[in-house]
$ cat coords_4.txt   # compact mmCIF, C-alpha atoms
# COMPACT_ATOMS: atom_id res chain seq x y z
CA MET U 1 136.08 91.56 104.42
CA GLY U 2 135.18 95.24 104.15
CA ALA U 3 131.90 96.75 105.21
CA ASN U 4 131.05 97.36 101.55
CA HIS U 5 130.71 93.62 101.12
CA ILE U 6 127.81 93.59 103.53
CA ALA U 7 124.27 94.75 102.95
CA VAL U 8 121.05 94.71 104.91
CA ALA U 9 118.02 93.56 102.92
CA ASP U 10 114.42 94.65 103.17
CA ALA U 11 111.71 92.24 101.91
CA GLY U 12 111.18 94.03 98.56
CA PRO U 13 114.34 93.06 96.65
CA ILE U 14 114.29 89.51 98.09
CA LEU U 15 110.72 88.99 96.85
CA HIS U 16 111.10 90.80 93.54
CA LEU U 17 114.36 89.08 92.57
CA HIS U 18 112.89 85.71 93.62
CA GLU U 19 109.84 86.37 91.44
CA ILE U 20 112.08 86.69 88.35
CA ASP U 21 114.30 83.77 89.42
CA LEU U 22 117.33 85.96 90.20
CA ILE U 23 117.59 85.59 93.98
CA GLU U 24 121.07 84.06 93.60
CA LEU U 25 122.28 87.42 92.27
CA LEU U 26 122.30 88.65 95.87
CA ASP U 27 125.52 86.65 96.34
CA ILE U 28 127.37 89.62 94.86
CA TRP U 29 127.54 90.60 98.55
CA ASP U 30 129.54 88.40 100.89
CA HIS U 31 126.94 88.79 103.62
CA ILE U 32 123.35 89.95 103.69
CA LEU U 33 121.85 90.68 107.07
CA ILE U 34 118.11 90.12 107.50
CA PRO U 35 116.15 91.14 110.58
CA GLN U 36 113.48 88.85 111.98
CA ALA U 37 110.54 90.89 110.61
CA VAL U 38 111.89 90.61 107.05
CA TRP U 39 112.51 86.88 107.50
CA ASP U 40 108.90 86.48 108.67
CA GLU U 41 107.59 88.48 105.71
CA THR U 42 109.51 86.49 103.10
CA MET U 43 110.59 82.99 104.15
CA GLY U 44 108.27 82.80 107.16
CA ALA U 45 105.25 83.62 104.99
CA GLN U 46 106.57 81.08 102.43
CA ARG U 47 106.72 83.75 99.75
CA VAL U 48 110.33 82.67 99.20
CA PRO U 49 111.30 79.04 99.91
CA ALA U 50 113.70 79.12 102.88
CA PRO U 51 116.04 76.47 101.35
CA ARG U 52 116.81 78.81 98.44
CA LEU U 53 118.30 81.34 100.84
CA THR U 54 119.90 78.97 103.32
CA GLU U 55 121.65 77.06 100.50
CA MET U 56 123.29 80.30 99.39
CA ASN U 57 125.01 80.74 102.77
CA HIS U 58 125.00 84.49 102.33
CA PHE U 59 122.11 85.39 104.59
CA SER U 60 122.34 85.95 108.33
CA LEU U 61 119.29 86.37 110.47
CA ARG U 62 119.71 89.11 113.08
CA HIS U 63 117.70 89.60 116.22
CA VAL U 64 116.59 93.16 116.98
CA PRO U 65 115.90 94.00 120.65
CA MET U 66 112.49 95.67 120.96
CA ASN U 67 113.47 98.34 123.49
CA ALA U 68 116.41 99.55 121.46
CA LEU U 69 114.28 99.46 118.30
CA ARG U 70 111.50 101.57 119.88
CA GLN U 71 114.03 104.16 120.98
CA PHE U 72 115.59 104.20 117.50
CA ILE U 73 112.18 104.67 115.84
CA ARG U 74 111.36 107.58 118.13
CA GLU U 75 114.75 109.20 117.71
CA PHE U 76 114.64 109.12 113.91
CA HIS U 77 110.86 109.56 113.46
CA LEU U 78 110.37 106.27 111.61
CA GLU U 79 106.88 105.54 112.98
CA LYS U 80 105.26 105.47 109.53
CA LEU U 81 107.50 102.69 108.19
CA HIS U 82 106.66 98.98 108.44
CA ALA U 83 108.29 96.78 111.06
CA GLY U 84 110.70 95.12 108.62
CA GLU U 85 111.80 98.49 107.27
CA GLN U 86 112.36 99.90 110.75
CA GLU U 87 114.39 96.85 111.75
CA CYS U 88 116.49 97.10 108.59
CA LEU U 89 117.40 100.71 109.28
CA TYR U 90 118.17 99.86 112.89
CA LEU U 91 120.47 97.03 111.78
CA CYS U 92 122.30 99.30 109.35
CA GLN U 93 123.05 101.66 112.19
CA ARG U 94 123.88 99.04 114.83
CA GLU U 95 126.13 96.95 112.58
CA GLY U 96 127.65 99.91 110.73
CA VAL U 97 126.34 98.68 107.36
CA SER U 98 126.29 101.42 104.75
CA LEU U 99 124.09 99.76 102.14
CA LEU U 100 120.40 98.86 102.35
CA LEU U 101 118.57 96.89 99.68
CA THR U 102 115.06 98.30 99.40
CA ASP U 103 112.48 99.08 96.73
CA ASP U 104 110.45 101.45 98.88
CA LEU U 105 110.71 105.20 98.26
CA ALA U 106 109.92 106.20 101.87
CA VAL U 107 112.62 103.82 103.14
CA ARG U 108 115.07 105.27 100.61
CA ARG U 109 114.42 108.74 102.03
CA ALA U 110 114.88 107.52 105.62
CA ALA U 111 118.06 105.60 104.71
CA LYS U 112 119.65 108.69 103.18
CA ARG U 113 118.84 110.72 106.29
CA LEU U 114 120.77 108.10 108.28
CA GLY U 115 123.74 108.17 105.87
CA VAL U 116 122.92 104.75 104.39
CA ARG U 117 122.94 104.16 100.63
CA PRO U 118 119.68 102.63 99.40
CA VAL U 119 119.79 100.32 96.37
CA GLY U 120 116.75 98.78 94.66
CA SER U 121 116.19 95.58 92.69
CA LEU U 122 116.90 97.37 89.45
CA GLY U 123 120.26 98.55 90.79
CA VAL U 124 121.13 95.01 91.88
CA ILE U 125 120.53 93.73 88.33
CA VAL U 126 122.64 96.51 86.79
CA ARG U 127 125.40 95.78 89.33
CA GLY U 128 125.25 92.10 88.34
CA TYR U 129 125.68 93.13 84.71
CA ARG U 130 128.65 95.37 85.56
CA LEU U 131 130.29 92.52 87.48
CA GLY U 132 129.95 90.27 84.44
CA ARG U 133 127.24 87.99 85.79
CA PHE U 134 125.31 88.25 82.54
CA SER U 135 125.39 89.82 79.07
CA LEU U 136 123.82 93.15 78.08
CA ARG U 137 121.04 91.23 76.33
CA GLU U 138 120.33 89.20 79.48
CA ALA U 139 120.48 92.31 81.67
CA LYS U 140 117.85 94.00 79.48
CA ALA U 141 115.63 90.91 79.69
CA HIS U 142 115.99 90.81 83.49
CA LEU U 143 115.13 94.51 83.80
CA ARG U 144 112.04 94.07 81.63
CA ALA U 145 111.06 90.96 83.64
CA LEU U 146 111.20 93.07 86.80
CA GLN U 147 108.51 95.28 85.28
CA HIS U 148 106.17 92.60 83.89
CA ALA U 149 106.87 89.45 85.92
CA SER U 150 107.48 90.72 89.45
CA SER U 151 105.22 92.49 91.91
CA LEU U 152 107.51 95.56 91.93
CA PHE U 153 105.68 98.67 90.80
CA VAL U 154 107.86 100.18 88.11
CA THR U 155 106.71 101.77 84.88
CA PRO U 156 107.96 100.62 81.45
CA GLU U 157 109.39 104.12 80.90
CA ILE U 158 111.64 103.85 83.95
CA VAL U 159 112.87 100.41 82.87
CA GLU U 160 113.61 101.72 79.38
CA LEU U 161 115.44 104.70 80.92
CA ALA U 162 117.66 102.23 82.81
CA ILE U 163 118.24 100.18 79.66
CA ARG U 164 119.27 103.28 77.70
CA GLN U 165 121.91 104.01 80.36
CA LEU U 166 123.39 100.52 79.84
CA GLU U 167 123.66 100.79 76.06
CA MET A 1 91.73 83.20 99.88
CA SER A 2 94.84 85.32 99.47
CA LEU A 3 94.92 88.35 97.15
CA GLY A 4 97.41 86.72 94.79
CA MET A 5 95.13 83.72 94.18
CA MET A 6 91.92 85.68 93.45
CA SER A 7 90.49 85.84 89.93
CA VAL A 8 88.49 88.78 88.58
CA THR A 9 85.29 86.80 89.23
CA ASP A 10 86.40 86.15 92.82
CA TYR A 11 86.97 89.89 93.37
CA LEU A 12 83.57 90.69 91.93
CA SER A 13 81.59 88.14 93.97
CA SER A 14 83.55 89.06 97.09
CA LEU A 15 82.85 92.80 96.61
CA VAL A 16 79.14 92.09 96.02
CA GLN A 17 79.05 90.24 99.36
CA MET A 18 81.18 92.74 101.26
CA THR A 19 79.48 95.92 100.03
CA ASP A 20 75.94 94.66 99.44
CA GLN A 21 75.95 96.49 96.10
CA LYS A 22 74.78 95.15 92.72
CA GLU A 23 77.28 93.61 90.31
CA GLU A 24 76.43 96.23 87.66
CA HIS A 25 77.25 99.07 90.05
CA ILE A 26 80.59 97.56 91.07
CA LEU A 27 81.51 96.87 87.42
CA ALA A 28 80.69 100.48 86.47
CA GLN A 29 82.88 101.75 89.33
CA ALA A 30 85.69 99.36 88.34
CA LEU A 31 85.58 100.59 84.76
CA GLU A 32 85.76 104.22 85.85
CA ILE A 33 88.62 103.60 88.31
CA GLY A 34 90.49 101.50 85.74
CA LEU A 35 90.13 104.13 83.03
CA ARG A 36 91.29 106.90 85.38
CA GLN A 37 94.36 104.83 86.27
CA LEU A 38 95.19 104.02 82.65
CA TRP A 39 94.82 107.67 81.71
CA ARG A 40 97.07 108.77 84.61
CA GLU A 41 99.71 106.19 83.66
CA GLU A 42 99.65 107.40 80.06
CA VAL A 43 100.07 111.05 81.12
CA LEU A 44 103.01 110.14 83.39
CA ALA A 45 104.57 107.98 80.67
CA ARG A 46 104.41 110.91 78.25
CA TYR A 47 105.92 113.19 80.90
CA LEU A 48 108.79 110.75 81.54
CA ARG A 49 109.41 110.44 77.79
CA GLY A 50 109.66 114.25 77.60
CA GLU A 51 106.50 114.61 75.50
CA LEU A 52 104.76 116.69 78.19
CA SER A 53 106.23 119.44 80.35
CA ARG A 54 106.17 119.12 84.15
CA GLU A 55 103.58 121.89 84.33
CA GLU A 56 101.36 120.17 81.79
CA ALA A 57 101.63 116.84 83.66
CA ILE A 58 100.80 118.53 86.99
CA GLU A 59 97.83 120.23 85.38
CA LEU A 60 96.52 116.86 84.18
CA VAL A 61 97.21 114.49 87.12
CA GLY A 62 98.20 116.73 90.04
CA ASP A 63 101.39 117.40 92.05
CA ASP A 64 101.51 114.15 94.01
CA TRP A 65 101.65 111.80 91.03
CA VAL A 66 104.23 113.88 89.17
CA GLU A 67 106.40 114.07 92.31
CA LEU A 68 106.13 110.29 92.71
CA ALA A 69 107.20 109.80 89.09
CA ASP A 70 110.14 112.20 89.63
CA GLU A 71 111.19 110.42 92.82
CA GLN A 72 111.08 107.00 91.15
CA THR A 73 113.13 108.28 88.24
CA ASN A 74 115.72 109.83 90.57
CA ALA A 75 115.92 106.61 92.59
CA VAL A 76 116.64 104.60 89.45
CA LEU A 77 119.25 107.09 88.27
CA GLU A 78 120.96 106.97 91.69
CA ASP A 79 120.97 103.16 91.57
CA LEU A 80 122.46 103.19 88.08
CA ARG A 81 125.22 105.61 89.07
CA TRP A 82 126.10 103.40 92.03
CA ALA A 83 125.88 100.16 90.04
CA LEU A 84 127.95 101.36 87.10
CA THR A 85 130.58 103.56 88.70
CA THR A 86 131.46 102.53 92.26
$ encode --input "coords_4.txt" --output "structure tokens"
Amino acid sequence: MGANHIAVADAGPILHLHEIDLIELLDIWDHILIPQAVWDETMGAQRVPAPRLTEMNHFSLRHVPMNALRQFIREFHLEKLHAGEQECLYLCQREGVSLLLTDDLAVRRAAKRLGVRPVGSLGVIVRGYRLGRFSLREAKAHLRALQHASSLFVTPEIVELAIRQLE
Amino acid sequence: MSLGMMSVTDYLSSLVQMTDQKEEHILAQALEIGLRQLWREEVLARYLRGELSREEAIELVGDDWVELADEQTNAVLEDLRWALTT
């Protein structure tokens, strides 16, 4: 299994894909690593039912040691990010994972500084389409659902821009 | 009560209690804030559709919002390139 079959996930894509009933799409990765803070924010807060993720067998909870995390935050000036986001970036570095699922623009910037590729919920849906998980028509419907049925802040214009690229 | 479960009426009665202001005053503020937001979203939508220049959009809503719209657009384009080509 190559490292490109592994991703670390922030809370955003887990919540947003769950809200449009597409959480199973995350199985396009063999393994998704989740730090404790993200687990607490999603399954722990019951915003996503834990059985939905555990049944998929793709998610691994990872412990992040506080001392090492504090040092990492200082070294890379990540103080303004939330705990889950900091832990995700730390995990990417510690485990050598080159892909981070996140819908947050500040986290995207930090990920790129660390040489990690950020991918958002919209990118996950388009990837699912490219891998043949659903038709073009379904992909368009999922992208539009992300805008009107999930808590992700994305404007209709950006969704339509993505749809135009698929056509 | 969590944010996700609150109705408009809940927000209003809660704000009346929390701020000790009259309902009419809060509703007037809400209308103004809502209209400003709708107007800003419309300006940015027109900018993203190419109907306004960057300079015109900045003039209307300021640097920060236009930069945010640009960053979101770039993020989506990066995601699409990755999703469709790698």
$ residues_near_point --input "coords_4.txt" --point "(124.3, 86.4, 105.9)" --cutoff "6 Å" --atoms "only C-alpha atoms" --output "MDAnalysis selection string"
chainID U and resid 31:33 58:60
$ interface_residues --input "coords_4.txt" --of "chain U" --to "chain A" --cutoff "7 Å" --atoms "only C-alpha atoms" --output "MDAnalysis selection string"
chainID U and resid 119:120 123 126:127 130 157:158
$ write_last_selection --input "coords_4.txt" --atoms "C-alpha atoms" --output "CSV table (one decimal), in the frame of the given file"
chain,number,residue,atom,x,y,z
U,119,VAL,CA,119.8,100.3,96.4
U,120,GLY,CA,116.8,98.8,94.7
U,123,GLY,CA,120.3,98.6,90.8
U,126,VAL,CA,122.6,96.5,86.8
U,127,ARG,CA,125.4,95.8,89.3
U,130,ARG,CA,128.6,95.4,85.6
U,157,GLU,CA,109.4,104.1,80.9
U,158,ILE,CA,111.6,103.8,84.0
$ atom_distance --input "coords_4.txt" --atom1 "atom CA of Leu27 of chain A" --atom2 "atom CA of Leu12 of chain A"
7.9 Å
$ residues_around --input "coords_4.txt" --residues "Val48 of chain U" --least-positions-apart "3" --cutoff "10 Å" --atoms "all atoms listed in the file" --output "PyMOL selection string"
chain U and resi 14-16+18-19+23+39+41-45+51-53
$ write_last_selection --input "coords_4.txt" --atoms "C-alpha atoms" --output "tab-separated table (two decimals), in the coordinates of the input"
chain	number	residue	atom	x	y	z
U	14	ILE	CA	114.29	89.51	98.09
U	15	LEU	CA	110.72	88.99	96.85
U	16	HIS	CA	111.10	90.80	93.54
U	18	HIS	CA	112.89	85.71	93.62
U	19	GLU	CA	109.84	86.37	91.44
U	23	ILE	CA	117.59	85.59	93.98
U	39	TRP	CA	112.51	86.88	107.50
U	41	GLU	CA	107.59	88.48	105.71
U	42	THR	CA	109.51	86.49	103.10
U	43	MET	CA	110.59	82.99	104.15
U	44	GLY	CA	108.27	82.80	107.16
U	45	ALA	CA	105.25	83.62	104.99
U	51	PRO	CA	116.04	76.47	101.35
U	52	ARG	CA	116.81	78.81	98.44
U	53	LEU	CA	118.30	81.34	100.84
$ atom_distance --input "coords_4.txt" --atom1 "atom CA of Leu78 of chain U" --atom2 "atom CA of Arg62 of chain U"
19.6 Å
$ atom_distance --input "coords_4.txt" --atom1 "atom CA of Leu35 of chain A" --atom2 "atom CA of Thr19 of chain A"
21.7 Å
$ residues_around --input "coords_4.txt" --residues "Val124 of chain U" --least-positions-apart "6" --cutoff "9 Å" --atoms "all atoms listed in the file" --output "ChimeraX atom specification"
/U:13,25-26,28,101 /A:79,83
$ write_last_selection --input "coords_4.txt" --atoms "C-alpha atoms" --output "tab-separated table (two decimals), keeping the file's coordinate frame"
chain	number	residue	atom	x	y	z
U	13	PRO	CA	114.34	93.06	96.65
U	25	LEU	CA	122.28	87.42	92.27
U	26	LEU	CA	122.30	88.65	95.87
U	28	ILE	CA	127.37	89.62	94.86
U	101	LEU	CA	118.57	96.89	99.68
A	79	ASP	CA	120.97	103.16	91.57
A	83	ALA	CA	125.88	100.16	90.04
$ closest_residue --input "coords_4.txt" --among "U:Arg74, U:Arg94, U:Arg144, U:Arg133" --to "Val116 of chain U" --atoms "all atoms listed in the file"
U:Arg94
$ decode --input "coords_4.txt" --residues "segment 90-166 of chain U" --atoms "C-alpha atoms" --output "short mmCIF file (atom, residue, chain, number, x, y, z; two decimals), in the first residue's frame"
data_model
loop_
_atom_site.label_atom_id
_atom_site.label_comp_id
_atom_site.auth_asym_id
_atom_site.auth_seq_id
_atom_site.Cartn_x
_atom_site.Cartn_y
_atom_site.Cartn_z
CA TYR U 90 1.25 17.05 13.01
CA LEU U 91 0.03 13.60 11.96
CA CYS U 92 0.76 14.31 8.31
CA GLN U 93 4.33 15.11 9.23
CA ARG U 94 4.85 12.32 11.76
CA GLU U 95 3.33 9.58 9.59
CA GLY U 96 4.68 10.91 6.30
CA VAL U 97 1.18 11.37 4.86
CA SER U 98 1.14 13.73 1.89
CA LEU U 99 -2.60 14.38 1.66
CA LEU U 100 -4.85 16.22 4.12
CA LEU U 101 -8.62 16.40 3.75
CA THR U 102 -9.73 19.85 4.90
CA ASP U 103 -12.25 22.52 3.95
CA ASP U 104 -10.50 25.33 5.81
CA LEU U 105 -8.54 27.93 3.85
CA ALA U 106 -6.08 28.71 6.67
CA VAL U 107 -5.33 24.98 7.06
CA ARG U 108 -4.83 24.70 3.30
CA ARG U 109 -2.20 27.45 3.47
CA ALA U 110 -0.44 25.78 6.43
CA ALA U 111 -0.55 22.35 4.74
CA LYS U 112 1.12 23.69 1.60
CA ARG U 113 3.87 25.29 3.68
CA LEU U 114 4.54 21.82 5.12
CA GLY U 115 4.56 20.17 1.67
CA VAL U 116 1.19 18.47 2.21
CA ARG U 117 -1.52 18.53 -0.46
CA PRO U 118 -4.84 19.82 0.87
CA VAL U 119 -8.06 18.49 -0.66
CA GLY U 120 -11.57 19.68 0.20
CA SER U 121 -14.99 18.01 0.15
CA LEU U 122 -15.61 19.26 -3.37
CA GLY U 123 -12.37 17.63 -4.55
CA VAL U 124 -13.36 14.35 -2.90
CA ILE U 125 -16.65 14.31 -4.84
CA VAL U 126 -14.91 15.08 -8.14
CA ARG U 127 -12.36 12.34 -7.40
CA GLY U 128 -15.24 9.93 -6.75
CA TYR U 129 -16.69 10.85 -10.13
CA ARG U 130 -13.34 10.32 -11.87
CA LEU U 131 -12.99 6.91 -10.24
CA GLY U 132 -16.42 5.93 -11.57
CA ARG U 133 -18.28 5.94 -8.28
CA PHE U 134 -21.14 7.89 -9.83
CA SER U 135 -22.35 9.42 -13.10
CA LEU U 136 -21.79 13.02 -14.22
CA ARG U 137 -25.42 13.77 -13.39
CA GLU U 138 -25.00 12.37 -9.87
CA ALA U 139 -21.71 14.22 -9.40
CA LYS U 140 -23.40 17.51 -10.28
CA ALA U 141 -26.22 16.77 -7.83
CA HIS U 142 -23.71 15.95 -5.07
CA LEU U 143 -21.75 19.16 -5.71
CA ARG U 144 -24.93 21.23 -5.57
CA ALA U 145 -26.00 19.40 -2.39
CA LEU U 146 -22.70 20.40 -0.81
CA GLN U 147 -23.69 24.03 -1.34
CA HIS U 148 -27.33 23.88 -0.19
CA ALA U 149 -27.57 20.87 2.13
CA SER U 150 -24.30 20.89 4.05
CA SER U 151 -22.83 23.38 6.49
CA LEU U 152 -19.85 24.02 4.19
CA PHE U 153 -19.64 27.66 3.17
CA VAL U 154 -19.33 27.61 -0.60
CA THR U 155 -21.01 29.97 -3.04
CA PRO U 156 -23.21 28.75 -5.92
CA GLU U 157 -20.77 30.38 -8.36
CA ILE U 158 -17.88 28.23 -7.13
CA VAL U 159 -19.98 25.07 -7.35
CA GLU U 160 -21.03 25.97 -10.90
CA LEU U 161 -17.37 26.67 -11.77
CA ALA U 162 -16.53 23.12 -10.61
CA ILE U 163 -19.43 21.68 -12.59
CA ARG U 164 -18.31 23.46 -15.76
CA GLN U 165 -14.87 21.83 -15.39
CA LEU U 166 -16.53 18.39 -15.31
#
